[in-house]
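Below: the structure, in structure tokens.
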Amino acid sequence: MNKQNILALALKPAKGVTKSVGIGIVLLLAAALVAIIMPSAASAQSPCEGPTATLLVTGLEGATGSTVGPDGALYVTEGVAGRISRVDPLTGEKTTFASGLPPAILSIGGSSIGGAIDVAFIDNIAYVLVTLVSDPLFPSSDVDGIYRVDGPDSFTVVADIGAFNLANPPTIPFQVDVKTGLQFALQTYRGGFLVTDGHLNRVLRVTLDGEITVLIAFGNIVPTGLEVRGNTIYMAEAGPVPHLPENGKVVSFGPNSPTATEVASGAPLLVDVEFGGGSLYALSQGIFPVGSPPATPALPNTGALAKVNVDGTFTVITDGLDRPTSLEFIGNTAYFVTLSGEIWKIDGVSK
């Protein structure tokens, strides 16, 4: 008997029965109809759960930057160890992809900074951004720049960013202590790279044959992470010390833009920006320790993953993160690297 026949029978007067019995039959049949139309509790879909964070990897040494490789694995720089690790995003299995890069030689706020700081792939070839390994303040034979990975322990410098910065200092006035700069993010762009400099406050464009130009320059806003969608470049700003929330911004600009346009603001010490599931997300390292010198990490467990809203605000997806530095998305799952040498994954971000 189909649903229409049941409904007709329920509404048809019963013959040879009292009014009360007839009403009872109607109520029973109506209940049967509701049972057919509505799924049972056992078969109904369970409510959508919110994002959940799970520890994937521990023991990284000076981890800062990351990327998703052409094989779908995570690749993470370890500045202290001078290496790049490959991490299976499902199991957390970690193997050494390349080692022998110039290691970090500086420490600020109890954390090492510099060395291999970010990694990217072009045509299945890995390139590594190395920073703070040479400067007039701490001269060495190493190079601040972009290295091509030629083998498990062999590299070729394709762009000497340190030398470029020494020859081309910023024209916008602000205090410069390290003349070779502090390069932070490496982003592929039109067959080459974009590089943010969080000390010289600019974005460089670098070709594979080593040509370097200033794409866009800023005042003291501390540019950090990068993302590209079409012709639009998105950039995170940590803001000047003490990295107040109102100075933590995501901005956008094009390849010929003289200035950047604010997309969202209101999160302290932003260090990365990434698209995931069609939405834009920003990574906040957290609250800056009052009175600390520049480049000091945020206070532990004050970081957050936040979604960029169309009205220029942020919605916190997950907070309490421990000094995150880099963000990646694989499908609906977010992965973030921390200064404490961990990789965490957050499932169900878009939910």
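Residue numbering restarts at 1 for every chain of the structure tokens, chains are lettered A, B, ... in their displayed order, and ligands are numbered from 1 as they appear.
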At a cut-off of 6 Å, using only C-alpha atoms, what residues contact region 200-205 of chain A? Leave out same-chain residues fewer than 4 positions from it and give the result as a compact mmCIF listing (two decimals) with all heavy atoms, in the first residue's frame.
# COMPACT_ATOMS: atom_id res chain seq x y z
N GLY A 181 68.11 40.75 5.41
CA GLY A 181 66.69 40.51 5.59
C GLY A 181 66.37 39.20 6.28
O GLY A 181 67.26 38.44 6.68
N PHE A 193 58.98 32.29 -8.47
CA PHE A 193 58.63 32.34 -7.04
C PHE A 193 58.30 33.75 -6.59
O PHE A 193 58.76 34.74 -7.16
CB PHE A 193 59.81 31.84 -6.19
CG PHE A 193 60.28 30.47 -6.53
CD1 PHE A 193 61.38 30.28 -7.36
CD2 PHE A 193 59.63 29.35 -6.04
CE1 PHE A 193 61.83 29.01 -7.68
CE2 PHE A 193 60.06 28.08 -6.36
CZ PHE A 193 61.16 27.91 -7.18
N LEU A 194 57.52 33.79 -5.51
CA LEU A 194 57.37 34.99 -4.69
C LEU A 194 58.00 34.69 -3.34
O LEU A 194 57.87 33.57 -2.83
CB LEU A 194 55.90 35.35 -4.51
CG LEU A 194 55.09 35.65 -5.78
CD1 LEU A 194 53.63 35.88 -5.42
CD2 LEU A 194 55.67 36.84 -6.53
N VAL A 195 58.64 35.69 -2.76
CA VAL A 195 59.30 35.54 -1.46
C VAL A 195 58.94 36.74 -0.59
O VAL A 195 59.14 37.89 -1.01
CB VAL A 195 60.83 35.44 -1.60
CG1 VAL A 195 61.49 35.39 -0.22
CG2 VAL A 195 61.22 34.22 -2.42
N THR A 196 58.42 36.48 0.60
CA THR A 196 58.19 37.58 1.54
C THR A 196 59.44 37.79 2.39
O THR A 196 60.15 36.85 2.72
CB THR A 196 57.01 37.31 2.49
OG1 THR A 196 57.21 36.05 3.15
CG2 THR A 196 55.70 37.30 1.75
N ILE A 212 66.07 38.68 -9.68
CA ILE A 212 65.30 39.10 -8.51
C ILE A 212 64.84 40.53 -8.70
O ILE A 212 65.63 41.41 -9.07
CB ILE A 212 66.13 38.99 -7.22
CG1 ILE A 212 66.70 37.58 -7.05
CG2 ILE A 212 65.30 39.38 -6.00
CD1 ILE A 212 67.70 37.45 -5.91
N THR A 213 63.55 40.79 -8.45
CA THR A 213 63.01 42.14 -8.48
C THR A 213 62.08 42.33 -7.29
O THR A 213 61.57 41.36 -6.72
CB THR A 213 62.21 42.40 -9.78
OG1 THR A 213 61.20 41.39 -9.92
CG2 THR A 213 63.13 42.39 -10.99
N VAL A 214 61.87 43.58 -6.90
CA VAL A 214 60.91 43.90 -5.85
C VAL A 214 59.53 44.00 -6.48
O VAL A 214 59.28 44.88 -7.31
CB VAL A 214 61.28 45.21 -5.12
CG1 VAL A 214 60.21 45.55 -4.08
CG2 VAL A 214 62.65 45.09 -4.46
N LEU A 215 58.62 43.11 -6.11
CA LEU A 215 57.27 43.13 -6.65
C LEU A 215 56.44 44.23 -5.99
O LEU A 215 55.74 44.99 -6.66
CB LEU A 215 56.60 41.77 -6.47
CG LEU A 215 55.18 41.66 -7.02
CD1 LEU A 215 55.20 41.71 -8.54
CD2 LEU A 215 54.50 40.39 -6.54
N ILE A 216 56.50 44.31 -4.67
CA ILE A 216 55.75 45.32 -3.92
C ILE A 216 56.46 45.56 -2.59
O ILE A 216 56.98 44.62 -1.98
CB ILE A 216 54.28 44.89 -3.71
CG1 ILE A 216 53.45 46.02 -3.10
CG2 ILE A 216 54.19 43.61 -2.89
CD1 ILE A 216 51.94 45.73 -3.12
N ALA A 217 56.50 46.81 -2.17
CA ALA A 217 57.18 47.19 -0.93
C ALA A 217 56.19 47.83 0.03
O ALA A 217 55.20 48.45 -0.38
CB ALA A 217 58.33 48.15 -1.23
N PHE A 218 56.45 47.66 1.32
CA PHE A 218 55.55 48.15 2.36
C PHE A 218 56.33 48.93 3.41
O PHE A 218 57.57 48.92 3.43
CB PHE A 218 54.84 46.98 3.05
CG PHE A 218 54.10 46.07 2.13
CD1 PHE A 218 54.70 44.93 1.61
CD2 PHE A 218 52.79 46.34 1.77
CE1 PHE A 218 54.01 44.08 0.76
CE2 PHE A 218 52.09 45.50 0.92
CZ PHE A 218 52.70 44.37 0.41
N VAL A 222 55.46 43.76 8.48
CA VAL A 222 55.93 42.38 8.67
C VAL A 222 55.13 41.38 7.83
O VAL A 222 54.28 40.65 8.34
CB VAL A 222 55.92 41.97 10.15
CG1 VAL A 222 56.63 40.64 10.36
CG2 VAL A 222 56.58 43.03 11.01
**OP:** Fewer than 6 positions away in the same chain doesn't count, so skip those; otherwise give me all residues within 9 Å of Pro223 (chain A), counting only C-alpha atoms, as an MDAnalysis selection string.
**Re:** chainID A and resid 184:185 196:199 201:203 235:239 270:271
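Shortest separation to Thr315 (chain A) among A:Leu339, A:Ile125, A:Val349, A:Ile287 occurs at residue A:Val349, atoms counted being only C-alpha atoms.
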Subject >> Surrounding residues of Tyr127 (chain A) excluding itself and chain neighbours under 5 positions, 8 Å, only C-alpha atoms, as a PyMOL selection string >> reply: chain A and resi 119-122+146-149
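Coordinates place CA of Gly230 (chain A) at a distance of 18.2 Å from CA of Asp272 (chain A).
A straight line drawn from CA of Gly331 (chain A) to CA of Pro255 (chain A) is 27.7 Å long.
Residue nearest Glu227 (chain A) within the list A:Ala163, A:Leu327, A:Leu208, A:Val310: A:Leu327 [criterion: smallest interatomic distance, only C-alpha atoms].
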**OP:** Take CA of Thr64 (chain A) and CA of Pro258 (chain A) and report the distance between them in Å, one decimal.
**Re:** 29.3 Å
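Counting only C-alpha atoms and comparing A:Tyr281, A:Phe288, A:Phe97, A:Phe174, the residue that lies closest to Gly225 (chain A) is A:Tyr281.
Candidate residues A:Gly59, A:Thr224, A:Ala298, A:Thr54 were compared for distance to Leu244 (chain A), and the nearest is A:Ala298, using only C-alpha atoms.
Distance check against Asn256 (chain A) using only C-alpha atoms: of A:Ile233, A:Val241, A:Val273, A:Val130, the minimum falls on A:Ile233.
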